[in-house]
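*Asks:* Input protein.txt, format and content: compact mmCIF, C-alpha atoms.
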```txt
# COMPACT_ATOMS: atom_id res chain seq x y z
CA MET B 253 120.13 78.68 114.92
CA SER B 254 118.38 80.16 117.91
CA ALA B 255 117.97 83.95 117.72
CA PHE B 256 119.92 84.38 120.97
CA ALA B 257 122.78 82.27 122.24
CA VAL B 258 125.34 82.29 125.04
CA SER B 259 128.80 81.07 124.08
CA ALA B 260 131.75 80.00 126.24
CA ALA B 261 133.91 79.93 123.08
CA PRO B 262 135.07 82.95 121.02
CA ILE B 263 132.28 84.42 118.87
CA GLU B 264 132.73 84.33 115.08
CA PRO B 265 131.08 87.37 113.46
CA ALA B 266 131.28 85.80 109.99
CA ALA B 267 129.11 82.87 111.10
CA LEU B 268 126.29 85.08 112.40
CA ARG B 269 126.47 87.25 109.30
CA SER B 270 126.03 84.24 106.98
CA GLU B 271 123.07 83.03 109.01
CA LEU B 272 121.36 86.38 108.50
CA THR B 273 122.12 86.79 104.77
CA ASP B 274 118.87 87.35 102.88
CA PRO B 275 118.44 88.40 99.23
CA GLY B 276 115.46 90.53 100.29
CA CYS B 277 117.61 92.66 102.59
CA GLY B 278 119.60 95.69 101.45
CA GLY B 279 120.91 96.78 104.84
CA TYR B 280 122.77 94.88 107.55
CA VAL B 281 123.85 96.47 110.84
CA GLN B 282 126.15 94.70 113.26
CA PHE B 283 127.10 95.76 116.76
CA GLU B 284 130.07 94.36 118.60
CA GLY B 285 130.90 94.98 122.24
CA TRP B 286 134.66 94.75 122.80
CA VAL B 287 136.51 94.38 126.08
CA ARG B 288 137.93 97.81 126.75
CA ASN B 289 141.09 98.74 128.66
CA ARG B 290 139.40 101.37 130.84
CA ASN B 291 136.17 101.67 132.81
CA GLU B 292 135.22 104.66 134.93
CA GLY B 293 138.82 105.83 135.08
CA LYS B 294 140.39 102.50 136.05
CA GLY B 295 142.75 100.44 133.91
CA VAL B 296 141.14 97.07 133.06
CA LEU B 297 143.32 93.98 132.46
CA SER B 298 140.68 91.33 131.85
CA LEU B 299 137.16 90.40 132.85
CA GLU B 300 134.78 87.57 133.43
CA TYR B 301 131.12 87.23 132.50
CA GLU B 302 128.75 85.22 134.63
CA VAL B 303 125.56 84.34 132.77
CA TYR B 304 122.46 82.68 134.13
CA GLU B 305 121.89 80.92 130.87
CA PRO B 306 118.33 79.52 131.05
CA LEU B 307 116.85 82.94 131.66
CA ALA B 308 119.36 84.90 129.55
CA VAL B 309 118.43 82.82 126.50
CA LYS B 310 114.68 83.08 127.14
CA GLU B 311 114.80 86.85 127.70
CA GLY B 312 117.33 87.35 124.87
CA GLU B 313 114.99 85.64 122.41
CA ARG B 314 112.17 87.83 123.65
CA ILE B 315 114.23 90.97 122.96
CA ILE B 316 115.03 89.80 119.40
CA ALA B 317 111.34 89.05 118.78
CA GLU B 318 110.37 92.50 120.10
CA ALA B 319 112.88 94.18 117.78
CA ILE B 320 111.58 92.29 114.73
CA GLU B 321 107.99 93.15 115.65
CA ARG B 322 108.61 96.77 116.60
CA PHE B 323 110.91 97.85 113.74
CA GLY B 324 109.72 95.48 111.02
CA VAL B 325 113.18 94.12 110.26
CA ARG B 326 113.53 90.79 108.48
CA ARG B 327 116.18 88.99 110.53
CA ALA B 328 118.03 89.51 113.79
CA ALA B 329 120.23 87.50 116.14
CA ALA B 330 122.68 87.99 118.99
CA ILE B 331 125.35 86.06 120.89
CA HIS B 332 126.84 86.86 124.31
CA ARG B 333 130.07 85.45 125.69
CA SER B 334 130.42 83.83 129.12
CA GLY B 335 133.57 83.14 131.10
CA PRO B 336 136.98 84.88 131.10
CA LEU B 337 137.80 87.43 128.36
CA GLU B 338 140.87 89.44 127.41
CA LEU B 339 141.22 93.01 126.10
CA THR B 340 139.67 93.54 122.61
CA ASP B 341 137.82 90.20 122.84
CA LEU B 342 134.32 90.20 121.44
CA ALA B 343 131.88 90.18 124.39
CA VAL B 344 128.58 90.51 122.54
CA LEU B 345 127.53 90.45 118.89
CA VAL B 346 124.22 91.68 117.43
CA GLY B 347 123.25 91.45 113.75
CA VAL B 348 120.14 92.82 112.03
CA ALA B 349 119.19 92.50 108.34
CA SER B 350 116.39 94.53 106.82
CA PRO B 351 115.14 95.62 103.40
CA HIS B 352 116.14 99.21 104.32
CA ARG B 353 118.91 100.47 106.56
CA SER B 354 117.02 102.81 108.86
CA GLU B 355 115.06 100.06 110.58
CA ALA B 356 118.19 97.91 110.84
CA PHE B 357 120.05 100.65 112.72
CA ARG B 358 117.18 101.24 115.12
CA ALA B 359 116.53 97.54 115.77
CA CYS B 360 120.23 96.86 116.38
CA ARG B 361 120.43 99.72 118.86
CA TYR B 362 117.29 98.51 120.62
CA ILE B 363 118.63 94.96 120.97
CA ILE B 364 121.98 95.94 122.50
CA ASP B 365 120.34 98.47 124.84
CA GLU B 366 117.83 95.88 126.09
CA ILE B 367 120.50 93.17 126.40
CA LYS B 368 122.43 95.45 128.73
CA LEU B 369 119.34 96.32 130.77
CA ARG B 370 117.48 93.05 131.03
CA LEU B 371 119.66 89.96 130.73
CA PRO B 372 120.93 88.18 133.86
CA ILE B 373 124.59 88.70 132.99
CA TRP B 374 127.24 90.06 135.36
CA LYS B 375 130.70 91.35 134.64
CA LYS B 376 133.65 91.17 137.01
CA GLU B 377 136.52 93.41 136.00
CA TYR B 378 140.14 92.82 137.04
CA TYR B 379 142.08 96.07 137.34
CA ALA B 380 145.67 97.15 136.85
CA ASP B 381 145.89 98.05 140.56
CA GLY B 382 145.23 94.42 141.54
CA SER B 383 141.63 94.92 142.61
CA ALA B 384 138.53 93.32 141.08
CA GLU B 385 134.92 94.41 141.08
CA TRP B 386 131.46 93.38 139.90
CA VAL B 387 130.50 96.22 137.56
CA ASN B 388 127.52 98.31 138.69
CA CYS B 389 127.58 96.82 142.16
CA ARG B 390 128.83 99.90 143.85
CA ARG B 391 125.59 101.48 142.70
CA CYS B 392 123.57 98.55 144.06
CA SER B 393 124.84 98.92 147.62
CA ALA B 394 122.38 100.57 149.97
CA ALA B 395 122.91 104.24 150.89
CA GLY B 396 125.40 104.70 153.73
CA HIS B 397 127.02 101.34 153.10
CA HIS B 398 129.88 100.48 150.82
CA ALA B 399 129.89 97.35 148.72
CA ASP B 400 133.42 96.09 149.15
CA MET M 195 145.06 101.83 105.17
CA SER M 196 143.24 104.83 103.78
CA ALA M 197 139.99 105.64 105.62
CA PHE M 198 137.99 105.28 102.40
CA ALA M 199 138.66 102.90 99.53
CA VAL M 200 137.03 101.74 96.32
CA SER M 201 137.44 98.06 95.54
CA ALA M 202 136.87 96.11 92.32
CA ALA M 203 137.33 92.87 94.28
CA PRO M 204 134.94 91.42 96.90
CA ILE M 205 135.09 93.25 100.24
CA GLU M 206 136.25 91.31 103.29
CA PRO M 207 134.51 92.57 106.46
CA ALA M 208 136.99 90.76 108.71
CA ALA M 209 139.90 92.76 107.28
CA LEU M 210 138.29 96.14 107.96
CA ARG M 211 137.29 95.04 111.44
CA SER M 212 140.87 94.05 112.36
CA GLU M 213 142.17 97.39 111.06
CA LEU M 214 139.78 99.18 113.43
CA THR M 215 140.40 97.05 116.52
CA ASP M 216 141.43 99.29 119.42
CA PRO M 217 141.79 98.36 123.10
CA GLY M 218 140.36 101.78 124.04
CA CYS M 219 137.09 101.06 122.22
CA GLY M 220 134.14 99.24 123.78
CA GLY M 221 131.69 99.59 120.91
CA TYR M 222 132.00 98.74 117.22
CA VAL M 223 129.20 99.32 114.71
CA GLN M 224 129.36 97.98 111.19
CA PHE M 225 127.01 98.71 108.32
CA GLU M 226 126.83 96.55 105.22
CA GLY M 227 124.86 97.38 102.09
CA TRP M 228 123.82 94.18 100.32
CA VAL M 229 122.56 93.80 96.74
CA ARG M 230 118.83 93.29 97.13
CA ASN M 231 116.49 91.34 94.87
CA ARG M 232 113.90 94.13 94.63
CA ASN M 233 113.93 97.89 94.09
CA GLU M 234 110.82 100.03 93.78
CA GLY M 235 108.67 97.01 92.98
CA LYS M 236 110.92 95.53 90.29
CA GLY M 237 112.81 92.22 90.52
CA VAL M 238 116.56 92.86 90.39
CA LEU M 239 118.91 90.21 88.95
CA SER M 240 122.27 91.97 89.25
CA LEU M 241 123.80 95.42 89.15
CA GLU M 242 126.86 97.39 88.27
CA TYR M 243 128.51 100.27 90.09
CA GLU M 244 130.33 102.98 88.22
CA VAL M 245 132.64 104.97 90.48
CA TYR M 246 134.58 108.10 89.64
CA GLU M 247 137.39 107.03 91.89
CA PRO M 248 139.61 110.13 92.31
CA LEU M 249 136.76 112.20 93.65
CA ALA M 250 134.95 109.35 95.44
CA VAL M 251 138.07 108.66 97.51
CA LYS M 252 138.70 112.32 98.27
CA GLU M 253 135.07 112.97 99.28
CA GLY M 254 134.81 109.61 101.10
CA GLU M 255 137.81 110.47 103.27
CA ARG M 256 136.26 113.84 103.99
CA ILE M 257 133.05 112.14 105.20
CA ILE M 258 135.01 109.82 107.52
CA ALA M 259 136.95 112.79 108.94
CA GLU M 260 133.70 114.69 109.51
CA ALA M 261 132.20 111.72 111.37
CA ILE M 262 135.25 111.38 113.64
CA GLU M 263 135.23 115.11 114.35
CA ARG M 264 131.46 115.46 114.82
CA PHE M 265 130.76 112.38 116.96
CA GLY M 266 134.11 112.01 118.70
CA VAL M 267 134.58 108.38 117.68
CA ARG M 268 138.06 106.87 117.74
CA ARG M 269 138.28 105.06 114.40
CA ALA M 270 136.21 104.78 111.22
CA ALA M 271 136.65 103.47 107.69
CA ALA M 272 134.58 102.49 104.67
CA ILE M 273 134.95 100.57 101.40
CA HIS M 274 132.70 100.74 98.33
CA ARG M 275 132.59 98.19 95.53
CA SER M 276 132.87 99.03 91.85
CA GLY M 277 131.94 96.90 88.83
CA PRO M 278 129.40 94.07 88.46
CA LEU M 279 127.74 92.60 91.56
CA GLU M 280 125.34 89.72 92.20
CA LEU M 281 122.45 89.38 94.67
CA THR M 282 123.52 89.41 98.36
CA ASP M 283 127.00 90.71 97.40
CA LEU M 284 128.47 93.30 99.73
CA ALA M 285 128.24 96.70 97.98
CA VAL M 286 129.47 98.96 100.75
CA LEU M 287 131.00 98.42 104.19
CA VAL M 288 131.30 100.98 107.01
CA GLY M 289 132.97 100.33 110.37
CA VAL M 290 133.19 102.63 113.40
CA ALA M 291 134.92 101.95 116.72
CA SER M 292 134.39 104.14 119.77
CA PRO M 293 134.89 104.04 123.53
CA HIS M 294 131.06 104.03 123.89
CA ARG M 295 128.40 102.62 121.60
CA SER M 296 126.08 105.58 121.18
CA GLU M 297 128.58 107.66 119.21
CA ALA M 298 129.54 104.63 117.12
CA PHE M 299 125.91 104.11 116.03
CA ARG M 300 125.44 107.76 115.12
CA ALA M 301 128.76 108.09 113.28
CA CYS M 302 128.12 104.90 111.29
CA ARG M 303 124.67 106.13 110.27
CA TYR M 304 126.11 109.51 109.28
CA ILE M 305 128.82 107.94 107.12
CA ILE M 306 126.48 105.68 105.12
CA ASP M 307 123.92 108.48 104.67
CA GLU M 308 126.57 110.87 103.36
CA ILE M 309 128.16 108.21 101.14
CA LYS M 310 124.79 107.75 99.45
CA LEU M 311 124.24 111.48 99.04
CA ARG M 312 127.63 112.81 98.10
CA LEU M 313 129.91 110.28 96.40
CA PRO M 314 130.15 110.15 92.60
CA ILE M 315 128.91 106.57 92.36
CA TRP M 316 126.16 105.34 90.04
CA LYS M 317 124.22 102.10 90.07
CA LYS M 318 122.77 100.40 87.02
CA GLU M 319 120.25 97.71 87.87
CA TYR M 320 119.42 94.78 85.60
CA TYR M 321 115.83 93.61 86.04
CA ALA M 322 113.99 90.32 85.74
CA ASP M 323 111.91 91.77 82.86
CA GLY M 324 115.05 92.24 80.76
CA SER M 325 115.30 96.01 81.22
CA ALA M 326 118.11 97.95 82.86
CA GLU M 327 118.18 101.36 84.47
CA TRP M 328 120.48 103.86 86.17
CA VAL M 329 118.95 104.18 89.63
CA ASN M 330 117.56 107.64 90.47
CA CYS M 331 117.80 108.78 86.87
CA ARG M 332 114.12 108.78 86.25
CA ARG M 333 113.98 111.47 88.92
CA CYS M 334 116.77 113.42 87.22
CA SER M 335 114.93 113.77 83.92
CA ALA M 336 113.39 117.18 83.37
CA ALA M 337 109.64 117.63 83.90
CA GLY M 338 107.59 116.65 80.86
CA HIS M 339 110.33 114.40 79.51
CA HIS M 340 110.96 110.76 80.18
CA ALA M 341 114.46 109.45 80.71
CA ASP M 342 114.43 106.25 78.69
CA MET C 291 137.60 129.63 76.40
CA LYS C 292 138.55 125.95 76.11
CA VAL C 293 137.27 123.43 78.65
CA GLU C 294 137.22 119.64 78.85
CA ILE C 295 133.87 118.02 79.62
CA ARG C 296 133.39 114.55 81.09
CA TYR C 297 130.15 112.59 81.18
CA PHE C 298 129.34 109.75 83.61
CA ALA C 299 126.85 106.89 83.81
CA ALA C 300 123.46 107.94 82.34
CA PHE C 301 125.00 111.08 80.84
CA ARG C 302 127.69 109.06 79.07
CA GLU C 303 125.01 106.77 77.66
CA ALA C 304 122.82 109.71 76.63
CA THR C 305 125.65 111.47 74.77
CA GLY C 306 127.44 108.35 73.58
CA ILE C 307 130.77 109.82 74.70
CA SER C 308 132.68 109.97 77.97
CA ALA C 309 134.60 113.16 77.28
CA GLU C 310 134.87 116.02 74.83
CA PRO C 311 136.95 119.20 74.53
CA VAL C 312 134.82 122.28 73.78
CA ASP C 313 135.37 125.90 72.94
CA THR C 314 132.63 127.79 74.75
CA GLU C 315 131.35 131.17 75.89
CA ALA C 316 129.43 129.56 78.81
CA GLY C 317 130.32 131.31 82.07
CA THR C 318 129.07 128.59 84.44
CA PRO C 319 128.58 124.80 84.47
CA ALA C 320 124.80 125.40 84.26
CA GLU C 321 125.18 127.39 81.04
CA LEU C 322 127.65 124.82 79.71
CA PHE C 323 125.19 121.96 80.40
CA ALA C 324 122.44 123.79 78.50
CA GLU C 325 124.84 124.19 75.58
CA CYS C 326 125.72 120.47 75.70
CA SER C 327 122.03 119.56 75.70
CA ARG C 328 121.57 121.40 72.41
CA ARG C 329 124.56 119.53 70.93
CA HIS C 330 123.49 116.13 72.37
CA PRO C 331 119.70 115.73 72.09
CA GLY C 332 119.83 112.64 74.36
CA LEU C 333 120.95 114.90 77.19
CA ALA C 334 117.99 117.26 76.81
CA ALA C 335 115.77 114.99 78.94
CA TYR C 336 118.03 115.53 81.94
CA SER C 337 119.15 118.32 84.17
CA ALA C 338 122.58 118.27 85.77
CA SER C 339 122.40 117.53 89.49
CA MET C 340 126.03 117.67 90.61
CA VAL C 341 129.14 119.06 89.04
CA ALA C 342 132.85 118.88 89.80
CA VAL C 343 135.48 121.21 88.40
CA ASN C 344 139.10 119.98 88.29
CA ASP C 345 138.27 117.06 90.60
CA GLU C 346 136.69 119.19 93.31
CA MET C 347 132.95 119.15 94.01
CA SER C 348 131.64 122.46 92.78
CA ASP C 349 128.52 124.47 92.09
CA LEU C 350 126.44 124.73 88.92
CA HIS C 351 126.73 128.50 89.14
CA CYS C 352 130.47 128.86 89.80
CA ALA C 353 132.61 130.80 87.30
CA LEU C 354 134.46 128.67 84.75
CA THR C 355 137.94 129.56 83.61
CA ASP C 356 140.00 128.56 80.60
CA GLY C 357 141.47 125.07 80.87
CA ASP C 358 138.95 123.77 83.44
CA THR C 359 137.83 120.15 83.37
CA VAL C 360 134.09 120.01 84.05
CA LEU C 361 132.57 116.72 85.26
CA PHE C 362 128.80 116.41 84.89
CA PHE C 363 127.31 113.91 87.35
CA PRO C 364 123.82 112.46 87.10
CA PRO C 365 122.11 111.84 90.46
CA VAL C 366 124.34 109.56 92.50
CA ALA C 367 123.25 106.20 93.89
CA GLY C 368 126.05 104.73 95.96
CA GLY C 369 125.54 102.35 98.86
CA MET F 54 106.47 77.66 153.30
CA LYS F 55 109.60 76.14 151.73
CA VAL F 56 111.43 77.97 148.92
CA GLU F 57 114.78 77.57 147.21
CA ILE F 58 116.96 80.68 146.96
CA ARG F 59 119.75 81.21 144.42
CA TYR F 60 122.42 83.91 144.60
CA PHE F 61 124.44 85.21 141.62
CA ALA F 62 127.68 87.13 141.08
CA ALA F 63 128.18 89.74 143.85
CA PHE F 64 125.37 88.18 145.93
CA ARG F 65 126.99 84.75 145.76
CA GLU F 66 130.28 86.27 146.90
CA ALA F 67 128.57 88.26 149.67
CA THR F 68 126.77 85.20 151.08
CA GLY F 69 129.46 82.65 150.26
CA ILE F 70 126.83 80.30 148.83
CA SER F 71 125.10 79.93 145.49
CA ALA F 72 121.88 78.38 146.75
CA GLU F 73 120.01 77.54 149.93
CA PRO F 74 116.66 75.98 150.83
CA VAL F 75 114.74 78.02 153.40
CA ASP F 76 111.58 77.72 155.43
CA THR F 77 110.09 81.19 155.53
CA GLU F 78 107.03 83.29 156.32
CA ALA F 79 108.09 85.98 153.77
CA GLY F 80 105.21 86.77 151.43
CA THR F 81 107.24 88.46 148.70
CA PRO F 82 110.80 88.39 147.27
CA ALA F 83 111.42 91.79 148.91
CA GLU F 84 110.54 90.41 152.35
CA LEU F 85 112.57 87.31 151.65
CA PHE F 86 115.65 89.38 150.68
CA ALA F 87 115.39 91.36 153.93
CA GLU F 88 115.29 88.06 155.82
CA CYS F 89 118.35 86.78 153.91
CA SER F 90 120.24 89.99 154.72
CA ARG F 91 119.77 89.32 158.45
CA ARG F 92 121.08 85.77 158.01
CA HIS F 93 123.99 86.84 155.72
CA PRO F 94 125.54 90.09 157.00
CA GLY F 95 127.55 90.44 153.75
CA LEU F 96 124.27 90.91 151.91
CA ALA F 97 123.12 93.75 154.14
CA ALA F 98 125.11 96.28 152.11
CA TYR F 99 122.99 95.55 149.03
CA SER F 100 119.43 95.84 147.91
CA ALA F 101 117.97 93.39 145.42
CA SER F 102 117.50 94.96 141.99
CA MET F 103 115.97 92.17 139.94
CA VAL F 104 114.33 88.91 140.85
CA ALA F 105 113.19 85.85 138.95
CA VAL F 106 110.79 83.24 140.25
CA ASN F 107 110.89 79.76 138.68
CA ASP F 108 113.00 81.03 135.77
CA GLU F 109 110.66 83.86 134.83
CA MET F 110 111.54 87.51 135.42
CA SER F 111 109.35 88.67 138.25
CA ASP F 112 108.65 91.49 140.65
CA LEU F 113 110.05 92.11 144.12
CA HIS F 114 106.48 92.46 145.39
CA CYS F 115 104.86 89.42 143.79
CA ALA F 116 103.31 86.74 146.02
CA LEU F 117 105.53 83.73 146.74
CA THR F 118 104.10 80.25 146.97
CA ASP F 119 105.38 77.04 148.47
CA GLY F 120 108.02 75.31 146.35
CA ASP F 121 109.08 78.44 144.43
CA THR F 122 112.68 78.91 143.36
CA VAL F 123 113.66 82.55 143.92
CA LEU F 124 116.67 83.96 142.03
CA PHE F 125 118.17 87.17 143.43
CA PHE F 126 120.04 89.15 140.78
CA PRO F 127 122.45 91.98 141.53
CA PRO F 128 122.42 94.80 138.94
CA VAL F 129 123.16 93.30 135.55
CA ALA F 130 126.07 94.36 133.35
CA GLY F 131 125.91 92.47 130.07
CA GLY F 132 127.27 93.79 126.79
```
Would you write the structure of this file as structure tokens?
*Replies:*
Amino acid sequence: MSAFAVSAAPIEPAALRSELTDPGCGGYVQFEGWVRNRNEGKGVLSLEYEVYEPLAVKEGERIIAEAIERFGVRRAAAIHRSGPLELTDLAVLVGVASPHRSEAFRACRYIIDEIKLRLPIWKKEYYADGSAEWVNCRRCSAAGHHAD
Amino acid sequence: MSAFAVSAAPIEPAALRSELTDPGCGGYVQFEGWVRNRNEGKGVLSLEYEVYEPLAVKEGERIIAEAIERFGVRRAAAIHRSGPLELTDLAVLVGVASPHRSEAFRACRYIIDEIKLRLPIWKKEYYADGSAEWVNCRRCSAAGHHAD
Amino acid sequence: MKVEIRYFAAFREATGISAEPVDTEAGTPAELFAECSRRHPGLAAYSASMVAVNDEMSDLHCALTDGDTVLFFPPVAGG
Amino acid sequence: MKVEIRYFAAFREATGISAEPVDTEAGTPAELFAECSRRHPGLAAYSASMVAVNDEMSDLHCALTDGDTVLFFPPVAGG
């Protein structure tokens, strides 16, 4: 398995966990990002991820390699969904196995933080009031203008 | 489900995860303690947990309640195994769901740290050299004496 | 004063018993543990690290009362 | 100089296209984005936040060369 993957199908946490099982590891930390029913005060009904996969995979694998190098953990991997998702669906999964738990917590936190900052992935949210918006894109509009 | 449980049967992570699923939560952090093949330089073959269940459950539920109160997370639960375990078996499982991920990471870390410090649970390790030992009990022997 | 004592894990193995009723003048769990160590030489190598009284976590220097159940815990190692 | 431009997410919706070949004198992705904003008024409300050149993350002020593929990314929101 590649350390980072993009999946159009539902993510199975049990599969990632088995891939990372290692008799030399005493601690395993898993992060899951779930589709939430609210964002910045608005009711969310569903959302859609657009992923530029060639670069997301390349940069995702780089992030995993950095985490292994920086925190000395034994094994790490992550999967990000693409396409339409419903409430409570699993949007992103990160797993880290390490001899000791402290490094596993820190590496897992690092990976999800960097995934959110660096990967070419965009999220369009569909709201209860009928509107839809690319998340973060209000902030990306130039001063004095309004995005949509 | 009670927030903290002791189980003599194998722990199923998927069951805990479904119990904690919440459409108001965007972040879920799970910690798993796995039986590791080494401890303090010795090869471990298997181990056994002894749990004083009435107090472990009471104190375990207190830890979960503290984590929810202190970090403001929405939902948290944990399960600890008792009895004989083999390498890579799941010894303890902690799950925390929260609107945002930062609190979920901190609450999960708090719960596992406190479980290790406060619950009346003891671990006897069986080593490759044929010996067996209650973990931590060398440290509990008085100065000038040797535990076993 | 009569109290019930329970031993766990390494303490149970060191004493060879998991429980015993005792008649004691010990005022605290710490004094009671010292008394037990004289009765059970295997226990003399250890010091008590945690104690519970009547299924509540307690303190080695709390006051014992007649009828208490005192649980002596060796250092814990969950997780 | 000929380059290929690709637009994603909000940028694709703002321009109405996902890619276009252009002949340009722009020396950097930043200059190129300004040029695109004049051609696509919908884009004028935004500034580019991240750019990739030939499938490598790059810098808005790097030097472009003939034949490059330039990917303009709006602010990302994975996770």
*Asks:* Taking only C-alpha atoms into account, which residues of chain C are within 12 Å of chain M, as a VMD selection string?
*Replies:* chain C and resid 296 to 304 308 327 331 to 348 361 to 369
*Asks:* Would you put the residues from that selection into a file with C-alpha atoms, as a compact mmCIF listing (two decimals), keeping the file's coordinate frame?
*Replies:*
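For reference, result.txt as written:
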```txt
# COMPACT_ATOMS: atom_id res chain seq x y z
CA ARG C 296 133.39 114.55 81.09
CA TYR C 297 130.15 112.59 81.18
CA PHE C 298 129.34 109.75 83.61
CA ALA C 299 126.85 106.89 83.81
CA ALA C 300 123.46 107.94 82.34
CA PHE C 301 125.00 111.08 80.84
CA ARG C 302 127.69 109.06 79.07
CA GLU C 303 125.01 106.77 77.66
CA ALA C 304 122.82 109.71 76.63
CA SER C 308 132.68 109.97 77.97
CA SER C 327 122.03 119.56 75.70
CA PRO C 331 119.70 115.73 72.09
CA GLY C 332 119.83 112.64 74.36
CA LEU C 333 120.95 114.90 77.19
CA ALA C 334 117.99 117.26 76.81
CA ALA C 335 115.77 114.99 78.94
CA TYR C 336 118.03 115.53 81.94
CA SER C 337 119.15 118.32 84.17
CA ALA C 338 122.58 118.27 85.77
CA SER C 339 122.40 117.53 89.49
CA MET C 340 126.03 117.67 90.61
CA VAL C 341 129.14 119.06 89.04
CA ALA C 342 132.85 118.88 89.80
CA VAL C 343 135.48 121.21 88.40
CA ASN C 344 139.10 119.98 88.29
CA ASP C 345 138.27 117.06 90.60
CA GLU C 346 136.69 119.19 93.31
CA MET C 347 132.95 119.15 94.01
CA SER C 348 131.64 122.46 92.78
CA LEU C 361 132.57 116.72 85.26
CA PHE C 362 128.80 116.41 84.89
CA PHE C 363 127.31 113.91 87.35
CA PRO C 364 123.82 112.46 87.10
CA PRO C 365 122.11 111.84 90.46
CA VAL C 366 124.34 109.56 92.50
CA ALA C 367 123.25 106.20 93.89
CA GLY C 368 126.05 104.73 95.96
CA GLY C 369 125.54 102.35 98.86
```
*Asks:* Calculate how many Å separate CA of Arg303 in chain M from CA of Leu279 in chain M, rounding to one decimal.
*Replies:*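 CA of Arg303 in chain M sits 23.3 Å away from CA of Leu279 in chain M.
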*Asks:* Using only C-alpha atoms, which of B:Ser270, B:Ser254, B:Asn289, B:Ser259 sits nearest chain M?
*Replies:*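 The shortest atom-to-atom distance to chain M comes from B:Asn289.
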*Asks:* Pick the closest to chain B from M:Leu281, M:Ala322, M:Leu241, M:Ile262: which is it, counting only C-alpha atoms?
*Replies:*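 Among the listed residues, M:Leu281 lies closest to chain B.
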*Asks:* Distance CA of Pro319 in chain C-CA of Gly357 in chain C, one decimal place?
*Replies:*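 Separation between CA of Pro319 in chain C and CA of Gly357 in chain C: 13.4 Å.
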